[in-house]
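J.: Here you go, this is coords-v2.pdb (PDB, C-alpha atoms).
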ATOM      1  CA  MET A   1     -63.485 -23.489   8.605
ATOM      2  CA  LYS A   2     -61.282 -22.384   5.679
ATOM      3  CA  ILE A   3     -60.239 -19.268   7.543
ATOM      4  CA  PHE A   4     -59.299 -21.373  10.560
ATOM      5  CA  LEU A   5     -57.159 -23.687   8.403
ATOM      6  CA  LEU A   6     -55.407 -20.712   6.764
ATOM      7  CA  LEU A   7     -54.565 -19.299  10.185
ATOM      8  CA  ILE A   8     -53.074 -22.639  11.244
ATOM      9  CA  VAL A   9     -50.936 -22.785   8.057
ATOM     10  CA  LYS A  10     -49.658 -19.222   8.642
ATOM     11  CA  VAL A  11     -48.744 -20.022  12.245
ATOM     12  CA  LEU A  12     -46.910 -23.169  11.175
ATOM     13  CA  LEU A  13     -45.015 -21.334   8.429
ATOM     14  CA  ARG A  14     -44.063 -18.512  10.795
ATOM     15  CA  SER A  15     -42.867 -20.923  13.455
ATOM     16  CA  HIS A  16     -40.866 -22.841  10.838
ATOM     17  CA  THR A  17     -39.269 -19.628   9.585
ATOM     18  CA  CYS A  18     -38.459 -18.506  13.119
ATOM     19  CA  ALA A  19     -36.948 -21.903  13.852
ATOM     20  CA  GLU A  20     -34.748 -21.633  10.765
ATOM     21  CA  ASP A  21     -33.693 -18.101  11.740
ATOM     22  CA  ALA A  22     -32.915 -19.260  15.256
ATOM     23  CA  VAL A  23     -30.747 -22.076  13.930
ATOM     24  CA  PHE A  24     -29.040 -19.849  11.365
ATOM     25  CA  GLY A  25     -28.091 -16.985  13.653
ATOM     26  CA  ARG A  26     -28.196 -13.245  14.176
ATOM     27  CA  ILE A  27     -25.855 -10.306  14.673
ATOM     28  CA  ILE A  28     -25.784  -8.427  17.963
ATOM     29  CA  PRO A  29     -23.973  -5.074  18.150
ATOM     30  CA  SER A  30     -22.759  -3.659  21.449
ATOM     31  CA  ARG A  31     -24.220  -0.277  20.441
ATOM     32  CA  LEU A  32     -25.928   1.425  17.496
ATOM     33  CA  GLN A  33     -24.958   5.059  18.148
ATOM     34  CA  LEU A  34     -21.449   6.079  19.132
ATOM     35  CA  PHE A  35     -18.934   8.892  18.938
ATOM     36  CA  GLU A  36     -15.662   8.735  17.058
ATOM     37  CA  CYS A  37     -12.852   6.926  18.887
ATOM     38  CA  GLU A  38     -15.333   4.788  20.817
ATOM     39  CA  SER A  39     -15.298   1.009  20.376
ATOM     40  CA  VAL A  40     -18.043  -1.235  19.053
ATOM     41  CA  SER A  41     -18.282  -5.010  18.752
ATOM     42  CA  PHE A  42     -20.480  -7.321  16.678
ATOM     43  CA  THR A  43     -21.287 -10.863  17.799
ATOM     44  CA  CYS A  44     -22.708 -13.648  15.644
ATOM     45  CA  GLU A  45     -25.025 -15.768  17.809
ATOM     46  CA  ASP A  46     -27.275 -18.823  17.444
ATOM     47  CA  PHE A  47     -25.338 -20.205  14.491
ATOM     48  CA  ASP A  48     -25.282 -23.887  13.725
ATOM     49  CA  ASP A  49     -22.066 -25.405  15.054
ATOM     50  CA  SER A  50     -21.170 -26.628  11.571
ATOM     51  CA  ALA A  51     -21.742 -23.232   9.938
ATOM     52  CA  LYS A  52     -18.704 -21.078   9.317
ATOM     53  CA  PHE A  53     -19.552 -17.396   9.421
ATOM     54  CA  ARG A  54     -18.038 -13.929   9.197
ATOM     55  CA  VAL A  55     -19.034 -10.317   9.838
ATOM     56  CA  LEU A  56     -19.495  -8.070   6.804
ATOM     57  CA  ARG A  57     -20.374  -4.439   6.411
ATOM     58  CA  LYS A  58     -21.539  -2.051   3.714
ATOM     59  CA  THR A  59     -20.367   1.559   3.992
ATOM     60  CA  SER A  60     -20.250   4.439   1.540
ATOM     61  CA  SER A  61     -17.085   2.970   0.044
ATOM     62  CA  LYS A  62     -17.712  -0.772  -0.427
ATOM     63  CA  VAL A  63     -18.710  -4.111   1.067
ATOM     64  CA  SER A  64     -15.874  -5.668   3.065
ATOM     65  CA  THR A  65     -15.218  -8.268   5.745
ATOM     66  CA  CYS A  66     -14.025  -7.817   9.301
ATOM     67  CA  ALA A  67     -10.222  -7.931   9.671
ATOM     68  CA  SER A  68      -9.740  -6.967   6.008
ATOM     69  CA  ASN A  69      -8.812  -3.403   6.984
ATOM     70  CA  TRP A  70     -11.271  -2.091   9.566
ATOM     71  CA  GLY A  71     -11.723  -4.560  12.436
ATOM     72  CA  MET A  72     -10.276  -7.483  14.338
ATOM     73  CA  THR A  73     -11.856 -10.871  14.922
ATOM     74  CA  LYS A  74     -12.009 -12.600  18.289
ATOM     75  CA  ASP A  75     -13.913 -15.848  18.717
ATOM     76  CA  SER A  76     -17.316 -15.201  17.142
ATOM     77  CA  SER A  77     -17.034 -11.401  17.366
ATOM     78  CA  CYS A  78     -15.696  -8.552  15.284
ATOM     79  CA  ILE A  79     -14.303  -5.566  17.172
ATOM     80  CA  ILE A  80     -13.634  -2.002  16.014
ATOM     81  CA  LYS A  81     -11.408  -0.508  18.688
ATOM     82  CA  HIS A  82     -11.711   3.090  17.512
ATOM     83  CA  ALA A  83     -14.606   3.920  15.213
ATOM     84  CA  TYR A  84     -14.717   6.864  12.805
ATOM     85  CA  GLN A  85     -17.468   8.426  10.733
ATOM     86  CA  GLU A  86     -16.575   6.294   7.712
ATOM     87  CA  ASP A  87     -17.368   3.226   9.849
ATOM     88  CA  SER A  88     -21.055   4.183   9.738
ATOM     89  CA  GLY A  89     -23.033   1.649   7.738
ATOM     90  CA  GLU A  90     -24.821  -1.687   7.703
ATOM     91  CA  TYR A  91     -23.391  -4.784   9.408
ATOM     92  CA  TRP A  92     -24.447  -8.434   9.248
ATOM     93  CA  CYS A  93     -23.251 -12.019   9.702
ATOM     94  CA  GLU A  94     -22.903 -14.325   6.738
ATOM     95  CA  ALA A  95     -22.488 -18.102   6.682
ATOM     96  CA  GLN A  96     -20.241 -20.005   4.295
ATOM     97  CA  ASP A  97     -23.266 -20.876   2.155
ATOM     98  CA  GLN A  98     -23.934 -17.089   1.861
ATOM     99  CA  ARG A  99     -27.049 -17.069   4.040
ATOM    100  CA  SER A 100     -27.259 -13.746   5.858
ATOM    101  CA  SER A 101     -28.439 -12.802   9.310
ATOM    102  CA  ASN A 102     -30.394  -9.705  10.196
ATOM    103  CA  THR A 103     -28.767  -6.364   9.354
ATOM    104  CA  VAL A 104     -28.018  -3.596  11.867
ATOM    105  CA  SER A 105     -27.196   0.024  11.082
ATOM    106  CA  ILE A 106     -24.396   1.764  12.975
ATOM    107  CA  SER A 107     -24.042   5.537  13.145
ATOM    108  CA  VAL A 108     -20.787   7.204  14.233
ATOM    109  CA  THR A 109     -20.948  10.897  15.190
ATOM    110  CA  GLU A 110     -17.975  13.240  14.828
ATOM    111  CA  ASN A 111     -15.968  13.862  17.967
ATOM    112  CA  THR A 112     -13.897  17.050  18.122
ATOM    113  CA  ILE A 113     -11.227  15.250  20.157
ATOM    114  CA  CYS A 114     -10.737  12.840  17.261
ATOM    115  CA  SER A 115     -10.988  15.379  14.457
ATOM    116  CA  ALA A 116      -8.177  15.808  11.947
ATOM    117  CA  GLY A 117      -5.660  18.370  13.117
ATOM    118  CA  SER A 118      -4.760  16.811  16.432
ATOM    119  CA  VAL A 119      -2.748  14.235  14.491
ATOM    120  CA  ILE A 120      -0.258  15.015  11.731
ATOM    121  CA  LEU A 121       1.614  12.862   9.235
ATOM    122  CA  GLU A 122       5.200  13.871   8.520
ATOM    123  CA  SER A 123       6.870  12.668   5.332
ATOM    124  CA  PRO A 124      10.258  13.522   3.808
ATOM    125  CA  THR A 125      10.608  16.775   1.906
ATOM    126  CA  PRO A 126      10.755  16.250  -1.857
ATOM    127  CA  PRO A 127      12.359  15.024  -3.918
ATOM    128  CA  VAL A 128      12.047  11.402  -2.859
ATOM    129  CA  MET A 129      13.975   9.248  -5.311
ATOM    130  CA  GLU A 130      13.231   5.683  -6.376
ATOM    131  CA  GLY A 131      15.246   3.212  -4.345
ATOM    132  CA  ASP A 132      15.370   5.410  -1.229
ATOM    133  CA  ASP A 133      14.249   4.217   2.213
ATOM    134  CA  VAL A 134      11.470   6.589   3.344
ATOM    135  CA  THR A 135      10.234   6.980   6.932
ATOM    136  CA  LEU A 136       6.728   8.269   7.736
ATOM    137  CA  HIS A 137       6.080   9.818  11.163
ATOM    138  CA  CYS A 138       2.641   9.966  12.800
ATOM    139  CA  ARG A 139       2.497  12.525  15.614
ATOM    140  CA  SER A 140      -0.194  13.667  18.028
ATOM    141  CA  LYS A 141      -0.602  16.895  19.982
ATOM    142  CA  ARG A 142      -1.305  14.699  22.969
ATOM    143  CA  LYS A 143       1.884  13.618  24.674
ATOM    144  CA  SER A 144       1.794   9.881  25.145
ATOM    145  CA  SER A 145       4.442   7.190  25.216
ATOM    146  CA  ASN A 146       1.998   4.348  24.679
ATOM    147  CA  PHE A 147      -0.007   4.450  21.449
ATOM    148  CA  ILE A 148      -0.577   2.578  18.207
ATOM    149  CA  ALA A 149      -0.326   4.442  14.897
ATOM    150  CA  ASP A 150      -2.016   2.991  11.808
ATOM    151  CA  PHE A 151      -0.802   4.063   8.373
ATOM    152  CA  TYR A 152      -3.032   4.106   5.297
ATOM    153  CA  LYS A 153      -2.666   4.385   1.539
ATOM    154  CA  ASP A 154      -6.231   3.654   0.418
ATOM    155  CA  ASP A 155      -6.277   0.706   2.870
ATOM    156  CA  LEU A 156      -4.288  -0.108   5.991
ATOM    157  CA  ILE A 157      -0.614  -0.681   5.088
ATOM    158  CA  GLY A 158       0.931  -1.034   8.550
ATOM    159  CA  SER A 159       0.833  -0.305  12.266
ATOM    160  CA  SER A 160       3.516   0.871  14.671
ATOM    161  CA  SER A 161       3.880   1.402  18.408
ATOM    162  CA  THR A 162       6.615   3.981  17.778
ATOM    163  CA  GLY A 163       4.633   6.200  15.405
ATOM    164  CA  GLU A 164       7.060   5.490  12.563
ATOM    165  CA  MET A 165       6.803   3.341   9.458
ATOM    166  CA  MET A 166       9.582   2.798   6.911
ATOM    167  CA  ILE A 167       9.028   2.100   3.228
ATOM    168  CA  HIS A 168      12.088   0.268   1.944
ATOM    169  CA  ASN A 169      13.314   0.729  -1.628
ATOM    170  CA  ILE A 170      10.447   3.044  -2.568
ATOM    171  CA  SER A 171       9.150   2.974  -6.144
ATOM    172  CA  LYS A 172       6.699   4.877  -8.340
ATOM    173  CA  SER A 173       3.960   2.436  -7.302
ATOM    174  CA  ASP A 174       4.279   3.781  -3.735
ATOM    175  CA  GLU A 175       3.396   7.294  -4.876
ATOM    176  CA  GLY A 176       0.036   8.569  -3.618
ATOM    177  CA  LEU A 177      -1.990   9.921  -0.695
ATOM    178  CA  TYR A 178      -1.078   8.767   2.804
ATOM    179  CA  LYS A 179      -2.688   9.332   6.193
ATOM    180  CA  CYS A 180      -2.348   7.944   9.717
ATOM    181  CA  ARG A 181      -4.491   7.354  12.797
ATOM    182  CA  ILE A 182      -3.495   7.247  16.435
ATOM    183  CA  SER A 183      -5.707   5.327  18.807
ATOM    184  CA  GLY A 184      -7.666   7.721  20.989
ATOM    185  CA  ALA A 185      -6.210  10.822  19.320
ATOM    186  CA  GLY A 186      -7.589  10.948  15.802
ATOM    187  CA  GLU A 187      -6.674  10.939  12.150
ATOM    188  CA  SER A 188      -4.267  13.087  10.160
ATOM    189  CA  ALA A 189      -5.002  14.941   6.975
ATOM    190  CA  LYS A 190      -3.977  13.172   3.776
ATOM    191  CA  ARG A 191      -0.527  13.988   2.441
ATOM    192  CA  TYR A 192       0.740  13.313  -1.070
ATOM    193  CA  LEU A 193       4.048  11.505  -1.379
ATOM    194  CA  ALA A 194       5.708  12.061  -4.756
ATOM    195  CA  VAL A 195       8.435   9.719  -5.998
ATOM    196  CA  SER A 196      10.880  10.804  -8.712
ATOM    197  CA  GLU A 197      12.439   8.384 -11.158
ATOM    198  CA  ARG A 198      16.139   8.005 -10.496
ATOM    199  CA  HIS A 199      17.085   6.540 -13.885
ATOM    200  CA  LYS A 200      16.555   9.824 -15.744
ATOM    201  CA  ASP A 201      19.779  11.334 -14.389
ATOM    202  CA  SER A 202      21.656   8.105 -14.886
ATOM    203  CA  ASP A 203      20.433   7.951 -18.482
ATOM    204  CA  VAL A 204      21.806  11.440 -19.167
ATOM    205  CA  ARG A 205      25.153  10.502 -17.677
ATOM    206  CA  SER A 206      25.110   7.233 -19.579
ATOM    207  CA  ASP A 207      24.509   9.120 -22.839
ATOM    208  CA  GLN A 208      27.416  11.424 -22.091
ATOM    209  CA  VAL A 209      29.692   8.482 -21.388
ATOM    210  CA  ASN A 210      28.553   6.791 -24.588
ATOM    211  CA  VAL A 211      29.392   9.912 -26.619
ATOM    212  CA  LEU A 212      32.864  10.130 -25.074
ATOM    213  CA  LEU A 213      33.478   6.445 -25.736
ATOM    214  CA  PHE A 214      32.364   6.892 -29.338
ATOM    215  CA  PHE A 215      34.853   9.692 -29.940
ATOM    216  CA  LEU A 216      37.633   7.809 -28.178
ATOM    217  CA  ILE A 217      37.016   4.774 -30.347
ATOM    218  CA  LYS A 218      36.990   6.978 -33.438
ATOM    219  CA  ILE A 219      40.260   8.602 -32.417
ATOM    220  CA  VAL A 220      41.873   5.249 -31.683
ATOM    221  CA  THR A 221      40.636   3.647 -34.904
ATOM    222  CA  ILE A 222      41.957   6.595 -36.941
ATOM    223  CA  SER A 223      45.189   7.263 -35.089
ATOM    224  CA  LEU A 224      46.307   3.664 -34.614
ATOM    225  CA  PRO A 225      46.612   2.789 -38.327
ATOM    226  CA  ALA A 226      48.299   6.147 -38.960
ATOM    227  CA  THR A 227      50.757   5.493 -36.145
ATOM    228  CA  LEU A 228      51.518   2.025 -37.489
ATOM    229  CA  LEU A 229      51.991   3.410 -40.991
ATOM    230  CA  VAL A 230      54.437   6.036 -39.738
ATOM    231  CA  PHE A 231      56.317   3.376 -37.789
ATOM    232  CA  VAL A 232      56.552   1.086 -40.828
ATOM    233  CA  LEU A 233      57.646   3.919 -43.122
ATOM    234  CA  ARG A 234      60.267   5.141 -40.677
ATOM    235  CA  ARG A 235      61.593   1.647 -40.322
ATOM    236  CA  ALA A 236      61.674   1.153 -44.090
ATOM    237  CA  PHE A 237      63.402   4.495 -44.674
ATOM    238  CA  GLY A 238      65.804   3.669 -41.866
ATOM    239  CA  LYS A 239      66.833   0.413 -43.553
ATOM    240  CA  GLN A 240      67.277   2.109 -46.933
ATOM    241  CA  ALA A 241      69.400   4.846 -45.360
ATOM    242  CA  SER A 242      71.521   2.197 -43.640
ATOM    243  CA  LYS A 243      72.092   0.327 -46.959
ATOM    244  CA  HIS A 244      72.997   3.571 -48.699
ATOM    245  CA  ASP A 245      75.573   4.364 -46.010
ATOM    246  CA  ASP A 246      77.032   0.885 -46.303
ATOM    247  CA  THR A 247      77.329   1.291 -50.086
ATOM    248  CA  LEU A 248      79.163   4.583 -49.749
ATOM    249  CA  THR A 249      81.543   3.140 -47.225
ATOM    250  CA  SER A 250      82.468   0.166 -49.442
ATOM    251  CA  THR A 251      83.019   2.459 -52.437
ATOM    252  CA  GLU A 252      85.433   4.597 -50.525
TER     253      GLU A 252
END
Mind turning this structure into structure tokens?
T.:
Amino acid sequence: MKIFLLLIVKVLLRSHTCAEDAVFGRIIPSRLQLFECESVSFTCEDFDDSAKFRVLRKTSSKVSTCASNWGMTKDSSCIIKHAYQEDSGEYWCEAQDQRSSNTVSISVTENTICSAGSVILESPTPPVMEGDDVTLHCRSKRKSSNFIADFYKDDLIGSSSTGEMMIHNISKSDEGLYKCRISGAGESAKRYLAVSERHKDSDVRSDQVNVLLFFLIKIVTISLPATLLVFVLRRAFGKQASKHDDTLTSTE
């Protein structure tokens, strides 16, 4: 009898847990194995209408949310248009109250068509000076007039349909490793962009100007009193000479 009651309790608990899971939701991937440059989508299903949810993932780098820098959201789905090996990892749905759905593991296999080398990132030849406007070019060996280029410095910093991205008024904080991706073509190798400080040259010139001004001021402060003294003395001697001449004239 006891065994029968225990079995009933287990069945009830399992059905209650399943009911909760069904209400909470689950994540459904469109595929688990894919090659680079292929697309994959994740859908959050069976969520309570009042529950707000999002798709998260854990890769070798960190835990992040969809649309932060690796995917795009559409309705209740997260879509990666062109997956790469670094997109391999664990994915799940999470509600606003931090309850999590089941977790699925995605594996992305290298594709020679998408390997680095078919895409290159062109940056200006050094030196790049602070305050300059710098243009990055993302180019592919494949000739295409219709493509999207994504530019990265750690994370995504911009996208372009022309393959070009401009950094206005560049500063030392923009210095670092850059790379780009072209949809369906691949990813470039990382390229270091060095930025030189412009104020060093201006400081040298400013010091030179300051030295010249110092000497000019010294010359003026020394020569001006001397010039005034000479002028006063000449005037005084001129008056005395004039009086002396007048005295001689009257005597004669």
J.: Please write as a list of chain:residue names the full residue list that the PyMOL selection byres ((chain A and resi 34) around 8) yields on this file.
T.: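 Against this file, the PyMOL selection byres ((chain A and resi 34) around 8) returns the residues A:Arg31, A:Leu32, A:Gln33, A:Phe35, A:Glu36, A:Glu38, A:Ser107, A:Val108, A:Thr109.
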J.: Run the PyMOL selection byres ((chain A and resi 173-178) around 10) on the file and write out the hits as JSON, numbers by chain.
T.: {"A": [121, 122, 123, 128, 130, 136, 151, 152, 153, 154, 155, 156, 157, 167, 169, 170, 171, 172, 179, 180, 188, 189, 190, 191, 192, 193, 194, 195, 196]}
J.: What is the distance between atom CA of A:Ser61 and atom CA of A:Gly186, in Å to one decimal?
T.: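 It comes out at 20.1 Å.
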J.: Please write as a VMD selection string the full residue list that the PyMOL selection byres ((chain A and resi 182) around 6) yields on this file.
T.: chain A and resid 148 to 149 181 183 185 to 186
J.: Around the point (16.7, 2.2, 6.0) (coordinates from the file), which residues reach within 8 Å if we count all atoms listed in the file? Answer as a list of chain:residue names.
T.: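 Selection result: A:Asp133, A:Val134, A:Met166, A:His168.
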J.: Smallest atom-to-atom distance to A:Asn111: which of A:Glu187, A:Gln98, A:Phe53, A:Ser64, using all atoms listed in the file?
T.: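 Comparing A:Glu187, A:Gln98, A:Phe53, A:Ser64 against A:Asn111, the winner is A:Glu187.
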J.: Between A:Gln208, A:Cys37, A:Ala83, A:Gly89, which is the closest to A:Val63 once you count all atoms listed in the file?
T.: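 Result for the nearest residue to A:Val63: A:Gly89.
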J.: Determine the axis-aligned bounding box of all atoms of stretch 96-102 of chain A present in the file, pad each side by 5 Å, and express its centre and edge lengths in Å to one decimal place as AutoDock Vina command-line options.
T.:
--center_x -25.3 --center_y -15.3 --center_z 6.0 --size_x 20.2 --size_y 21.2 --size_z 18.3
J.: Have a look at atom CA of A:Ser105 and atom CA of A:Glu90 and let me know their distance in Å, one decimal.
T.: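 According to the coordinates, atom CA of A:Ser105 and atom CA of A:Glu90 are separated by 4.5 Å.
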J.: Could you check the closest approach to A:Lys74 for each of A:Cys138, A:Val55, A:Val211, A:Met165 and tell me which residue wins, using only C-alpha atoms?
T.: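 When distances to A:Lys74 are compared using only C-alpha atoms, the smallest one comes from A:Val55.
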J.: Which residue is closest to A:Asp48? Choose from A:Gln96, A:Ala67, A:Tyr84, A:Tyr91 and count only C-alpha atoms.
T.: A:Gln96
J.: Enter the distance from atom CA of A:Asp46 to atom CA of A:Ser88, in Å, rounded to one decimal.
T.: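 For atom CA of A:Asp46 relative to atom CA of A:Ser88, the distance reads 25.0 Å.
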